[in-house]
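**Q** My structure is in entry-v1.txt, and what it holds is compact mmCIF, C-alpha atoms and all ligand atoms:
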# COMPACT_ATOMS: atom_id res chain seq x y z
CA MET A 277 3.29 35.47 -91.55
CA LYS A 278 0.05 37.14 -90.57
CA MET A 279 -2.16 38.54 -93.27
CA THR A 280 -3.35 42.10 -93.09
CA SER A 281 -6.97 42.93 -93.72
CA VAL A 282 -5.90 44.68 -96.92
CA ARG A 283 -4.56 41.41 -98.22
CA LEU A 284 -7.72 39.57 -97.24
CA LEU A 285 -9.77 42.16 -99.04
CA PHE A 286 -7.59 41.71 -102.11
CA ILE A 287 -8.17 37.96 -102.07
CA PHE A 288 -11.88 38.49 -101.69
CA LEU A 289 -11.99 40.88 -104.66
CA THR A 290 -9.94 38.72 -106.98
CA THR A 291 -11.96 35.67 -105.94
CA SER A 292 -15.26 37.24 -106.86
CA LEU A 293 -13.84 38.64 -110.09
CA LEU A 294 -12.78 35.26 -111.33
CA THR A 295 -16.11 33.71 -110.46
CA SER A 296 -18.24 36.34 -112.17
CA SER A 297 -16.27 36.57 -115.39
CA THR A 298 -16.08 32.87 -116.02
CA ALA A 299 -19.20 31.49 -114.39
CA LEU A 300 -20.17 29.79 -117.64
CA SER A 301 -16.87 28.06 -118.19
CA ARG A 302 -16.98 25.17 -115.72
CA GLY A 303 -14.66 22.33 -116.60
CA ILE A 304 -12.66 24.51 -119.00
CA VAL A 305 -9.00 23.58 -118.68
CA GLU A 306 -7.09 26.04 -120.84
CA GLU A 307 -4.33 26.51 -118.26
CA GLY A 308 -2.86 24.11 -115.71
CA TYR A 309 -0.54 24.63 -112.72
CA TYR A 310 1.05 22.64 -109.97
CA LEU A 311 0.82 24.40 -106.61
CA PHE A 312 3.46 23.41 -104.06
CA ASP A 313 0.92 24.12 -101.32
CA LYS A 314 2.00 21.50 -98.76
CA GLN A 315 -0.02 23.04 -95.98
CA ARG A 316 -3.08 23.54 -98.19
CA LEU A 317 -3.18 27.27 -97.45
CA LEU A 318 -4.99 28.01 -100.71
CA PHE A 319 -6.90 24.77 -101.05
CA ASP A 320 -10.28 25.77 -99.61
CA GLN A 321 -10.29 29.01 -101.51
CA ILE A 322 -9.54 27.28 -104.81
CA LYS A 323 -12.09 24.57 -104.10
CA LYS A 324 -14.79 27.21 -103.79
CA GLN A 325 -14.18 28.37 -107.38
CA GLU A 326 -16.60 26.32 -109.42
CA ASP A 327 -14.72 27.07 -112.63
CA LEU A 328 -11.46 25.64 -111.27
CA THR A 329 -10.58 21.96 -111.28
CA ILE A 330 -8.33 20.43 -108.62
CA ASP A 331 -6.61 17.14 -109.37
CA HIS A 332 -4.09 14.78 -107.80
CA LEU A 333 -4.03 16.14 -104.30
CA GLY A 334 -0.73 14.94 -102.80
CA ASN A 335 1.73 15.48 -99.99
CA ALA A 336 3.65 18.12 -101.93
CA GLY A 337 0.66 20.00 -103.35
CA TYR A 338 -1.92 19.63 -106.11
CA GLU A 339 -2.80 20.47 -109.70
CA VAL A 340 -5.17 23.32 -110.55
CA TYR A 341 -6.79 23.79 -113.97
CA GLY A 342 -9.03 26.54 -115.26
CA PRO A 343 -9.85 28.98 -118.05
CA LYS A 344 -7.40 31.52 -119.45
CA GLY A 345 -6.34 33.95 -116.75
CA VAL A 346 -6.34 31.43 -113.92
CA GLY A 347 -2.52 31.56 -113.79
CA GLU A 348 -2.56 35.26 -113.19
CA TRP A 349 -5.08 34.90 -110.39
CA LEU A 350 -3.26 31.96 -108.81
CA ARG A 351 0.03 33.85 -108.96
CA SER A 352 -1.49 36.80 -107.13
CA VAL A 353 -2.89 34.67 -104.30
CA SER A 354 0.15 32.36 -104.16
CA GLU A 355 2.47 35.29 -103.64
CA ILE A 356 0.52 36.39 -100.59
CA TYR A 357 0.93 32.98 -98.97
CA ASP A 358 4.40 32.44 -100.40
CA VAL A 359 3.32 29.26 -102.22
CA LYS A 360 5.41 28.23 -105.23
CA MET A 361 3.72 27.25 -108.46
CA MET A 362 4.72 25.77 -111.79
CA SER A 363 3.04 25.87 -115.20
CA LEU A 364 2.17 22.35 -116.34
CA GLU A 365 2.25 23.40 -120.02
CA GLU A 366 5.87 24.48 -119.69
CA GLU A 367 6.66 21.28 -117.84
CA THR A 368 5.13 19.23 -120.68
CA LYS A 369 6.96 21.17 -123.37
CA ALA A 370 10.23 20.47 -121.57
CA THR A 371 9.81 16.69 -122.01
CA PRO A 372 10.08 15.34 -125.54
CA PHE A 373 7.13 13.70 -127.32
CA ASN A 374 9.58 10.83 -127.72
CA ASN A 375 8.33 8.14 -130.07
CA TYR A 376 4.75 7.81 -128.82
CA PRO A 377 2.64 6.61 -131.74
CA SER A 378 0.34 9.05 -133.52
CA HIS A 379 -3.42 8.53 -133.76
CA GLU A 380 -2.91 7.31 -137.34
CA GLU A 381 -0.27 4.78 -136.25
CA ILE A 382 -2.56 3.48 -133.49
CA THR A 383 -5.41 3.16 -135.99
CA GLN A 384 -3.17 1.18 -138.33
CA LYS A 385 -2.00 -1.05 -135.49
CA LEU A 386 -5.57 -1.86 -134.39
CA PHE A 387 -6.68 -2.76 -137.92
CA ASP A 388 -3.55 -4.86 -138.49
CA LEU A 389 -4.41 -6.84 -135.35
CA GLN A 390 -8.00 -7.24 -136.50
CA ALA A 391 -6.77 -8.64 -139.82
CA GLN A 392 -4.60 -11.08 -137.89
CA TYR A 393 -7.32 -12.15 -135.39
CA PRO A 394 -10.67 -11.56 -137.15
CA GLU A 395 -12.49 -14.23 -135.11
CA ILE A 396 -11.82 -12.64 -131.72
CA LEU A 397 -11.10 -8.93 -132.35
CA HIS A 398 -13.50 -6.38 -133.78
CA ILE A 399 -12.65 -2.70 -134.06
CA THR A 400 -15.43 -0.12 -134.23
CA SER A 401 -15.58 3.64 -133.95
CA LEU A 402 -17.73 4.99 -131.11
CA GLY A 403 -17.84 8.38 -132.83
CA LYS A 404 -15.55 11.22 -133.81
CA SER A 405 -13.71 13.68 -131.62
CA LYS A 406 -14.07 17.43 -132.16
CA ASN A 407 -11.20 17.35 -134.66
CA GLY A 408 -12.56 14.31 -136.48
CA ARG A 409 -10.48 11.53 -134.94
CA ASP A 410 -12.21 8.20 -134.34
CA ILE A 411 -12.70 7.01 -130.78
CA TRP A 412 -11.82 3.36 -131.27
CA SER A 413 -13.29 0.46 -129.36
CA ALA A 414 -11.67 -2.97 -129.53
CA LYS A 415 -14.07 -5.80 -128.73
CA ILE A 416 -12.37 -9.07 -127.78
CA SER A 417 -14.53 -12.17 -127.48
CA SER A 418 -15.12 -15.50 -129.15
CA ASN A 419 -17.75 -15.16 -131.92
CA VAL A 420 -16.78 -11.52 -131.75
CA LYS A 421 -19.42 -10.32 -134.21
CA VAL A 422 -22.26 -11.95 -132.24
CA ASP A 423 -23.84 -10.33 -129.17
CA GLU A 424 -23.77 -13.32 -126.82
CA VAL A 425 -25.24 -13.72 -123.33
CA GLU A 426 -21.98 -13.10 -121.50
CA PRO A 427 -20.88 -10.59 -118.86
CA GLU A 428 -19.67 -7.35 -120.43
CA PHE A 429 -16.45 -5.70 -119.29
CA LYS A 430 -14.86 -2.38 -120.32
CA TYR A 431 -11.49 -0.63 -119.99
CA ILE A 432 -11.26 3.01 -121.01
CA ALA A 433 -8.12 5.15 -121.01
CA ASN A 434 -6.68 8.54 -121.89
CA MET A 435 -9.76 10.68 -121.24
CA HIS A 436 -7.20 13.21 -120.04
CA GLY A 437 -5.12 13.68 -123.18
CA ASP A 438 -1.85 14.28 -121.35
CA GLU A 439 -2.17 11.09 -119.26
CA ILE A 440 -0.73 8.74 -121.84
CA VAL A 441 0.36 5.56 -120.01
CA GLY A 442 -3.14 4.05 -119.98
CA ARG A 443 -3.48 4.33 -123.75
CA GLU A 444 -0.20 2.51 -124.29
CA LEU A 445 -0.99 -0.21 -121.72
CA MET A 446 -4.32 -0.84 -123.47
CA LEU A 447 -2.55 -1.35 -126.80
CA LEU A 448 -0.13 -3.78 -125.15
CA LEU A 449 -3.02 -5.53 -123.38
CA ILE A 450 -4.97 -6.08 -126.62
CA GLU A 451 -1.94 -7.63 -128.28
CA ASP A 452 -1.05 -9.67 -125.20
CA VAL A 453 -4.57 -11.15 -124.84
CA LEU A 454 -4.72 -12.04 -128.54
CA ASN A 455 -1.29 -13.68 -128.49
CA GLN A 456 -1.98 -15.59 -125.28
CA TYR A 457 -5.31 -16.80 -126.67
CA GLU A 458 -3.55 -18.05 -129.78
CA ALA A 459 -0.83 -19.68 -127.64
CA GLY A 460 -3.48 -21.60 -125.70
CA ASN A 461 -3.22 -19.90 -122.29
CA ARG A 462 -6.14 -21.55 -120.45
CA THR A 463 -7.21 -18.61 -118.31
CA ILE A 464 -7.09 -16.19 -121.24
CA ARG A 465 -8.97 -18.60 -123.48
CA SER A 466 -11.64 -19.10 -120.86
CA LEU A 467 -11.90 -15.35 -120.30
CA VAL A 468 -12.19 -14.52 -124.01
CA ASN A 469 -14.62 -17.38 -124.66
CA ASN A 470 -16.97 -16.36 -121.85
CA THR A 471 -16.76 -12.57 -121.70
CA GLU A 472 -17.47 -9.61 -123.96
CA ILE A 473 -14.43 -7.41 -123.42
CA TYR A 474 -14.33 -3.86 -124.76
CA ILE A 475 -11.16 -1.77 -124.66
CA ILE A 476 -11.12 1.92 -125.56
CA PRO A 477 -7.46 2.96 -125.62
CA SER A 478 -8.14 6.67 -126.07
CA MET A 479 -11.32 8.54 -125.21
CA ASN A 480 -9.62 11.85 -126.01
CA PRO A 481 -7.47 11.47 -129.15
CA ASP A 482 -7.40 15.25 -129.76
CA GLY A 483 -6.05 15.89 -126.27
CA ALA A 484 -3.45 13.15 -126.71
CA SER A 485 -2.32 14.57 -130.06
CA SER A 486 -1.66 17.96 -128.50
CA ARG A 487 -0.58 16.53 -125.15
CA ARG A 488 -3.11 18.36 -123.06
CA ARG A 489 -5.70 17.46 -120.45
CA GLY A 490 -8.85 18.73 -122.14
CA ASN A 491 -10.29 17.93 -125.55
CA ALA A 492 -10.04 20.30 -128.55
CA ASN A 493 -12.52 22.61 -126.78
CA TYR A 494 -10.29 22.61 -123.67
CA VAL A 495 -13.00 20.80 -121.73
CA ASP A 496 -12.08 18.37 -118.95
CA LEU A 497 -13.98 15.22 -120.00
CA ASN A 498 -13.87 13.81 -116.46
CA ARG A 499 -16.01 16.74 -115.31
CA ASN A 500 -18.36 16.55 -118.31
CA PHE A 501 -20.62 13.59 -117.39
CA PRO A 502 -24.04 13.83 -115.74
CA ASP A 503 -23.69 14.03 -111.95
CA PHE A 504 -26.40 12.45 -109.81
CA THR A 505 -26.08 15.11 -107.13
CA ARG A 506 -27.14 17.85 -109.56
CA ASP A 507 -28.64 16.24 -112.71
CA ARG A 508 -32.02 14.53 -112.76
CA ASP A 509 -31.21 12.17 -115.60
CA SER A 510 -28.33 11.03 -117.77
CA ASN A 511 -28.84 13.47 -120.62
CA PRO A 512 -26.16 13.78 -123.33
CA GLN A 513 -27.37 17.21 -124.49
CA ASN A 514 -24.82 20.03 -124.49
CA ARG A 515 -21.95 17.71 -123.65
CA GLU A 516 -18.71 17.25 -125.54
CA LEU A 517 -18.68 14.90 -128.56
CA GLU A 518 -16.29 12.51 -126.80
CA THR A 519 -18.56 12.34 -123.74
CA GLN A 520 -21.61 11.80 -125.95
CA ALA A 521 -19.85 8.95 -127.76
CA ILE A 522 -19.14 7.13 -124.49
CA MET A 523 -22.65 7.81 -123.17
CA ALA A 524 -24.29 6.38 -126.29
CA PHE A 525 -22.03 3.33 -126.17
CA GLN A 526 -22.76 2.69 -122.49
CA ALA A 527 -26.52 2.93 -123.12
CA GLN A 528 -26.30 0.28 -125.86
CA ARG A 529 -24.38 -2.24 -123.77
CA LYS A 530 -24.74 -3.89 -120.36
CA PHE A 531 -21.39 -3.38 -118.71
CA ALA A 532 -21.11 -4.87 -115.25
CA LEU A 533 -17.52 -3.95 -114.43
CA SER A 534 -15.10 -1.39 -115.82
CA ALA A 535 -12.09 0.77 -115.06
CA ASN A 536 -10.91 4.16 -116.18
CA PHE A 537 -7.14 4.70 -116.49
CA HIS A 538 -5.43 7.96 -115.58
CA GLY A 539 -1.92 9.12 -114.66
CA GLY A 540 -0.09 11.57 -112.42
CA VAL A 541 0.08 9.37 -109.32
CA GLU A 542 -0.22 5.64 -108.59
CA CYS A 543 -3.35 4.38 -106.84
CA VAL A 544 -6.81 2.91 -107.33
CA ASN A 545 -9.72 5.21 -106.53
CA TYR A 546 -13.23 3.83 -105.91
CA PRO A 547 -16.63 5.58 -105.82
CA TRP A 548 -18.30 7.76 -104.88
CA ASP A 549 -16.37 10.78 -106.10
CA THR A 550 -19.15 13.32 -105.82
CA LYS A 551 -20.41 12.85 -102.26
CA LYS A 552 -19.33 11.54 -98.91
CA GLU A 553 -22.16 9.09 -98.40
CA HIS A 554 -21.15 5.45 -98.69
CA PHE A 555 -21.20 3.79 -102.06
CA PRO A 556 -23.71 0.89 -101.93
CA LEU A 557 -21.09 -1.75 -102.80
CA VAL A 558 -18.24 -0.05 -100.96
CA ASP A 559 -16.77 -3.29 -99.52
CA LEU A 560 -16.67 -4.92 -102.94
CA ALA A 561 -15.27 -1.80 -104.61
CA ARG A 562 -12.56 -1.48 -101.96
CA LEU A 563 -11.70 -5.17 -102.17
CA LEU A 564 -11.32 -5.07 -105.96
CA SER A 565 -9.17 -1.94 -105.62
CA VAL A 566 -6.93 -3.52 -102.98
CA GLU A 567 -6.61 -6.62 -105.12
CA TYR A 568 -5.49 -4.51 -108.08
CA ALA A 569 -3.04 -2.40 -106.06
CA GLN A 570 -1.43 -5.23 -104.09
CA GLU A 571 0.80 -6.38 -106.96
CA VAL A 572 1.79 -2.98 -108.34
CA PRO A 573 4.94 -1.79 -106.52
CA GLY A 574 4.21 1.95 -106.83
CA MET A 575 0.73 1.43 -105.40
CA VAL A 576 1.24 -1.03 -102.58
CA ASN A 577 4.29 0.89 -101.35
CA SER A 578 2.55 4.24 -101.64
CA ARG A 579 3.30 6.67 -98.83
CA GLN A 580 0.22 8.72 -99.63
CA PHE A 581 -2.43 5.98 -99.92
CA ASP A 582 -2.77 3.11 -97.48
CA GLY A 583 -2.38 -0.02 -99.61
CA GLY A 584 -2.45 2.14 -102.73
CA VAL A 585 -6.20 2.69 -102.63
CA THR A 586 -8.53 5.54 -101.71
CA ASN A 587 -12.17 6.46 -101.79
CA GLY A 588 -12.64 9.18 -104.40
CA TYR A 589 -14.44 11.69 -102.20
CA ASP A 590 -11.98 11.22 -99.33
CA TRP A 591 -9.17 12.18 -101.72
CA TYR A 592 -10.91 15.15 -103.34
CA PRO A 593 -14.48 15.56 -104.59
CA VAL A 594 -15.13 15.36 -108.33
CA LYS A 595 -18.34 16.61 -109.95
CA GLY A 596 -19.31 15.21 -113.33
CA GLY A 597 -16.83 12.34 -113.31
CA MET A 598 -17.26 9.13 -115.27
CA GLN A 599 -17.02 6.55 -112.47
CA ASP A 600 -20.05 7.76 -110.47
CA TRP A 601 -22.11 8.25 -113.62
CA SER A 602 -21.28 4.73 -114.74
CA TYR A 603 -22.62 3.04 -111.60
CA TYR A 604 -25.45 5.39 -110.72
CA TRP A 605 -27.18 5.23 -114.10
CA PHE A 606 -25.87 1.99 -115.59
CA ASN A 607 -25.12 -0.40 -112.72
CA ASP A 608 -21.57 -0.63 -114.08
CA LEU A 609 -19.10 -0.77 -111.17
CA GLN A 610 -16.15 1.38 -112.18
CA VAL A 611 -12.90 2.29 -110.46
CA THR A 612 -10.31 4.86 -111.53
CA ILE A 613 -6.77 3.56 -111.82
CA GLU A 614 -3.87 6.02 -111.69
CA LEU A 615 -0.91 4.35 -113.39
CA SER A 616 2.15 6.58 -113.24
CA GLN A 617 3.68 9.41 -111.25
CA THR A 618 4.74 11.03 -114.52
CA LYS A 619 1.88 11.67 -116.91
CA TRP A 620 4.03 11.50 -120.03
CA PRO A 621 7.07 9.36 -119.17
CA ASN A 622 9.84 8.34 -121.54
CA TYR A 623 8.32 5.97 -124.10
CA GLN A 624 11.03 3.38 -123.39
CA THR A 625 9.60 2.88 -119.88
CA ILE A 626 6.13 1.81 -121.10
CA PRO A 627 6.87 -1.97 -121.11
CA GLN A 628 7.97 -1.61 -117.47
CA TYR A 629 4.60 -0.08 -116.55
CA TYR A 630 2.90 -2.93 -118.36
CA ASN A 631 4.91 -5.51 -116.41
CA TRP A 632 4.04 -3.85 -113.12
CA ASN A 633 0.31 -3.78 -113.93
CA ARG A 634 -0.21 -6.81 -116.17
CA ASN A 635 -1.36 -9.35 -113.57
CA SER A 636 -3.69 -6.85 -111.94
CA ILE A 637 -5.15 -5.73 -115.28
CA LEU A 638 -5.89 -9.34 -116.27
CA ARG A 639 -7.23 -10.38 -112.86
CA TYR A 640 -9.53 -7.38 -112.63
CA MET A 641 -11.08 -8.40 -115.96
CA THR A 642 -11.80 -11.90 -114.64
CA ARG A 643 -13.71 -10.39 -111.69
CA VAL A 644 -16.62 -9.64 -114.01
CA HIS A 645 -17.44 -13.33 -113.54
CA GLN A 646 -17.95 -12.81 -109.82
CA GLY A 647 -21.59 -12.00 -110.34
CA VAL A 648 -25.02 -13.20 -111.22
CA GLY A 649 -27.61 -12.48 -113.87
CA PHE A 650 -30.65 -13.74 -115.65
CA LYS A 651 -31.89 -14.03 -119.21
CA LEU A 652 -35.60 -14.09 -120.02
CA SER A 653 -36.95 -15.66 -123.18
CA SER A 654 -38.44 -12.37 -124.40
CA ASP A 655 -36.77 -8.96 -124.70
CA ILE A 656 -38.85 -7.28 -122.01
CA SER A 657 -37.78 -4.70 -119.45
CA GLY A 658 -38.51 -4.40 -115.76
CA ASP A 659 -37.10 -4.07 -112.27
CA VAL A 660 -35.04 -6.41 -110.15
CA GLU A 661 -34.50 -6.18 -106.41
CA ILE A 662 -31.42 -7.94 -105.10
CA ILE A 663 -31.50 -9.46 -101.61
CA GLN A 664 -28.21 -10.55 -100.07
CA GLY A 665 -28.46 -13.49 -97.66
CA GLN A 666 -31.81 -13.65 -95.90
CA ASN A 667 -33.03 -10.09 -95.99
CA LEU A 668 -30.45 -7.41 -96.83
CA SER A 669 -31.80 -5.49 -99.82
CA LEU A 670 -29.09 -4.10 -102.09
CA GLY A 671 -31.67 -2.02 -103.90
CA HIS A 672 -33.65 -2.00 -107.12
CA PHE A 673 -32.12 -2.08 -110.59
CA SER A 674 -33.75 -1.78 -113.97
CA PHE A 675 -33.20 -4.24 -116.78
CA SER A 676 -33.98 -4.24 -120.48
CA ASP A 677 -33.88 -6.67 -123.41
CA GLY A 678 -34.80 -9.42 -120.95
CA GLU A 679 -31.24 -9.44 -119.65
CA PHE A 680 -29.51 -8.44 -116.42
CA TYR A 681 -26.13 -9.07 -114.85
CA LYS A 682 -24.42 -7.70 -111.75
CA VAL A 683 -21.02 -8.11 -110.09
CA LEU A 684 -21.41 -8.86 -106.36
CA GLU A 685 -19.55 -10.12 -103.33
CA PRO A 686 -19.53 -13.92 -102.96
CA GLY A 687 -22.64 -15.13 -101.13
CA GLN A 688 -26.26 -16.21 -101.41
CA TYR A 689 -28.71 -13.95 -103.23
CA LYS A 690 -32.38 -13.70 -104.07
CA LEU A 691 -33.46 -11.79 -107.16
CA ILE A 692 -37.03 -10.52 -107.18
CA ILE A 693 -37.73 -9.83 -110.83
CA THR A 694 -40.73 -7.69 -111.71
CA GLU A 695 -41.47 -7.54 -115.42
CA ALA A 696 -43.00 -4.39 -116.91
CA SER A 697 -46.30 -6.32 -117.16
CA GLY A 698 -46.30 -6.78 -113.38
CA ARG A 699 -45.41 -10.48 -113.47
CA GLU A 700 -43.09 -11.34 -110.60
CA ARG A 701 -40.53 -14.11 -110.30
CA LEU A 702 -38.10 -15.15 -107.61
CA VAL A 703 -34.65 -16.57 -108.33
CA GLU A 704 -32.38 -17.94 -105.61
CA THR A 705 -28.75 -18.20 -106.59
CA SER A 706 -25.19 -17.79 -105.37
CA VAL A 707 -22.05 -15.91 -106.32
CA THR A 708 -18.64 -17.50 -105.83
CA ALA A 709 -15.18 -15.98 -106.05
CA GLN A 710 -14.45 -17.32 -109.50
CA ALA A 711 -11.72 -19.84 -110.27
CA ALA A 712 -9.32 -19.93 -113.21
CA GLU A 713 -12.04 -20.99 -115.62
CA PHE A 714 -15.29 -19.15 -116.12
CA THR A 715 -18.89 -20.00 -116.81
CA PRO A 716 -21.25 -17.10 -117.32
CA ASN A 717 -23.48 -17.20 -114.24
CA TYR A 718 -26.92 -16.52 -115.75
CA VAL A 719 -30.23 -18.07 -114.76
CA TYR A 720 -32.37 -18.73 -117.85
CA LEU A 721 -36.09 -18.15 -117.37
CA ASN A 722 -38.96 -18.91 -119.71
ZN ZN A 801 -6.75 12.12 -115.17
For this file, write the structure as structure tokens.
Ligand SMILES: [Zn+2]
**A**
Amino acid sequence: MKMTSVRLLFIFLTTSLLTSSTALSRGIVEEGYYLFDKQRLLFDQIKKQEDLTIDHLGNAGYEVYGPKGVGEWLRSVSEIYDVKMMSLEEETKATPFNNYPSHEEITQKLFDLQAQYPEILHITSLGKSKNGRDIWSAKISSNVKVDEVEPEFKYIANMHGDEIVGRELMLLLIEDVLNQYEAGNRTIRSLVNNTEIYIIPSMNPDGASSRRRGNANYVDLNRNFPDFTRDRDSNPQNRELETQAIMAFQAQRKFALSANFHGGVECVNYPWDTKKEHFPLVDLARLLSVEYAQEVPGMVNSRQFDGGVTNGYDWYPVKGGMQDWSYYWFNDLQVTIELSQTKWPNYQTIPQYYNWNRNSILRYMTRVHQGVGFKLSSDISGDVEIIQGQNLSLGHFSFSDGEFYKVLEPGQYKLIITEASGRERLVETSVTAQAAEFTPNYVYLN
């Protein structure tokens, strides 16, 4: 059907109206819709609206979130193009909450496990959500209360409150690792003894409690982080409490590898999300993603994503997401793992999701040992340039507390360390694809 100029004018008017009235509400996700826009007739127009958020672009259509009133606007433009749409709130209400634990029950569970395994599990709160719920972090490591010189790894889930599978898999993972450690599983023991593992089952407990994407302020937390294409530094000011909690935590630690669990489709998404230009470690990021996806049936058999993986930007651009922020400002390689087609599946199916993902979840954690670092005798800061092979510079990275660690592809490396005082040192070392047992690969320098 051809559009008349009257219709085009109408679209233009409604487009500008929406933009002007809600220019200050970027990342607000009060309403959510699924648009069955197979041919992407509305896609470019929606993408232009800075206050709208597109997610999970697929063969059948995509999700659109925005402030109150976005449904009305979408309905008016959808009708013109004859595109069907569905309210995601109504869809959620139609499926029962069905036995998912409450925030209080999860809290109890975590502290029960800590009482059972006090030597290797330590629960701390990273801060409170808007409605006063603790954002729990579970640290798993030997000598768990000591900050040892070991690679630091992090899993974080449920930043979108209605994407619940990740939270449940993290609870199962914590219990599984503790039990396997106790049972003497060699790989798990080696991993726990040589790694500082942090697991945050729910970054958005308020969203999870009300089964919605945003936090209690209806803000999309995966659009709320500093973005290197528009922000000059990683400044927590004027961000949501949940975002601030994660930012403060990241700044205190030295994570080298992490993943962020979502739901709504099955795939692994690697950086960048915010721009087309190649991510500096794109081969490594893709390899780790392929390795994760290859054992998960819904990923490796995906009809949408070749091998179950995609570059973030190639799928759809995201501004203010966590994965780009994590690498750009903190040298923490992060991928985004989408675990389930259904965001809130029947609770009985959770163990099945765990079985599908278990090997990949564990193996990905061990990959933090595919790297190299150094530890100086004093807690100074400085800069390190990493040279791969003879002369390929991978760039400059800052270090602090006399400590640095980075996940890299297997190979030979030179580290040119420049201390804040100007003193320079050269370290030649290698990275190997790690085996079943791990030794933290640090060079100790006096
Ligand atoms: Zn999500």
**Q** Can you pull out every residue with an atom within 10 Å of ligand ZN 801 (chain A)? Use only C-alpha atoms and all ligand atoms and format it as number ranges by chain.
**A** A: 331-332, 433-440, 489-490, 496-498, 536-541, 612-615, 619
**Q** Which residues of range 591-703 of chain A come within 7 Å of range 503-524 of chain A, and what is each one's closest atom pair and distance in Å (one decimal), counting all atoms listed in the file, sorted by chain and residue number, as a Markdown table?
**A**
| residue | atom | partner | partner_atom | distance |
| --- | --- | --- | --- | --- |
| A:Lys595 | CA | A:Asp503 | CA | 6.3 |
| A:Gly596 | CA | A:Asp503 | CA | 4.7 |
| A:Trp601 | CA | A:Asp503 | CA | 6.2 |
| A:Trp605 | CA | A:Ser510 | CA | 7.0 |
**Q** Within 10 Å of (-1.2, -0.9, -121.2) in the file's own coordinates, which protein, DNA or RNA residues have an atom, counting only C-alpha atoms? List them as a PyMOL selection string.
**A** chain A and resi 433+440-452+477+537+615+626-631+633-634+637
**Q** Can you list, as a list in words, every protein, DNA or RNA residue that comes within 8 Å of Gln710 in chain A when you count only C-alpha atoms, leaving out same-chain residues fewer than 3 positions away?
**A**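 Near neighbours after the sequence-gap exclusion: Thr642, Arg643, His645, Gln646, Glu713 and Phe714 of chain A.
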**Q** Could you state the separation of CA of His672 in chain A and CA of Leu563 in chain A in Å, given to one decimal place?
**A**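 About the pair CA of His672 in chain A and CA of Leu563 in chain A: they are 22.7 Å apart.
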**Q** Mind listing as a list in words all residues within 7 Å of (3.9, 34.1, -108.6), counting all atoms listed in the file?
**A**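 Using all atoms listed in the file, the matching residues come out as Arg351, Ser352, Ser354, Glu355, Lys360 and Met361 of chain A.
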**Q** What gap, in Å, lies between CA of Tyr592 in chain A and CA of Val359 in chain A?
**A**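 Calculated distance between CA of Tyr592 in chain A and CA of Val359 in chain A is 20.1 Å.
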**Q** What does the distance from CA of Val453 in chain A to CA of Ala535 in chain A come to in Å, to one decimal?
**A**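 Computing the Euclidean distance for CA of Val453 in chain A and CA of Ala535 in chain A yields 17.2 Å.
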**Q** From the list A:Asp582, A:Asp482, A:Glu704, A:Glu428, which residue is nearest Asn607 in chain A when using all atoms listed in the file?
**A**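 Closest residue, counting all atoms listed in the file: A:Glu428.
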**Q** Considering only C-alpha atoms, tabulate each residue of range 576-674 of chain A that lies at most 9 Å from range 547-557 of chain A along with its nearest interatomic pair and the corresponding distance in Å to one decimal; arrange the rows by chain and ascending residue number and present them as CSV.
**A**
residue,atom,partner,partner_atom,distance
A:Asn587,CA,A:Pro547,CA,6.1
A:Gly588,CA,A:Asp549,CA,4.4
A:Tyr589,CA,A:Asp549,CA,4.4
A:Asp590,CA,A:Lys552,CA,7.4
A:Trp591,CA,A:Asp549,CA,8.5
A:Tyr592,CA,A:Asp549,CA,7.5
A:Pro593,CA,A:Thr550,CA,5.3
A:Val594,CA,A:Thr550,CA,5.2
A:Lys595,CA,A:Thr550,CA,5.3
A:Gly596,CA,A:Thr550,CA,7.7
A:Gly597,CA,A:Asp549,CA,7.4
A:Gln599,CA,A:Pro547,CA,6.7
A:Asp600,CA,A:Trp548,CA,5.9
A:Tyr603,CA,A:Pro547,CA,8.7
A:Leu609,CA,A:Leu557,CA,8.7
A:Gln610,CA,A:Pro547,CA,7.6
A:Val611,CA,A:Pro547,CA,6.8
A:Thr612,CA,A:Pro547,CA,8.5
A:Leu670,CA,A:Pro556,CA,7.3
A:Gly671,CA,A:Pro556,CA,8.7
**Q** Restrict the selected residues to C-alpha atoms and save them as a PDB file, keeping the file's coordinate frame.
**A**
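Output file selection_34.pdb is given in full below:
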ATOM      1  CA  ASN A 587     -12.170   6.460-101.790  1.00  0.00           C
ATOM      2  CA  GLY A 588     -12.640   9.180-104.400  1.00  0.00           C
ATOM      3  CA  TYR A 589     -14.440  11.690-102.200  1.00  0.00           C
ATOM      4  CA  ASP A 590     -11.980  11.220 -99.330  1.00  0.00           C
ATOM      5  CA  TRP A 591      -9.170  12.180-101.720  1.00  0.00           C
ATOM      6  CA  TYR A 592     -10.910  15.150-103.340  1.00  0.00           C
ATOM      7  CA  PRO A 593     -14.480  15.560-104.590  1.00  0.00           C
ATOM      8  CA  VAL A 594     -15.130  15.360-108.330  1.00  0.00           C
ATOM      9  CA  LYS A 595     -18.340  16.610-109.950  1.00  0.00           C
ATOM     10  CA  GLY A 596     -19.310  15.210-113.330  1.00  0.00           C
ATOM     11  CA  GLY A 597     -16.830  12.340-113.310  1.00  0.00           C
ATOM     12  CA  GLN A 599     -17.020   6.550-112.470  1.00  0.00           C
ATOM     13  CA  ASP A 600     -20.050   7.760-110.470  1.00  0.00           C
ATOM     14  CA  TYR A 603     -22.620   3.040-111.600  1.00  0.00           C
ATOM     15  CA  LEU A 609     -19.100  -0.770-111.170  1.00  0.00           C
ATOM     16  CA  GLN A 610     -16.150   1.380-112.180  1.00  0.00           C
ATOM     17  CA  VAL A 611     -12.900   2.290-110.460  1.00  0.00           C
ATOM     18  CA  THR A 612     -10.310   4.860-111.530  1.00  0.00           C
ATOM     19  CA  LEU A 670     -29.090  -4.100-102.090  1.00  0.00           C
ATOM     20  CA  GLY A 671     -31.670  -2.020-103.900  1.00  0.00           C
TER      21      GLY A 671
END
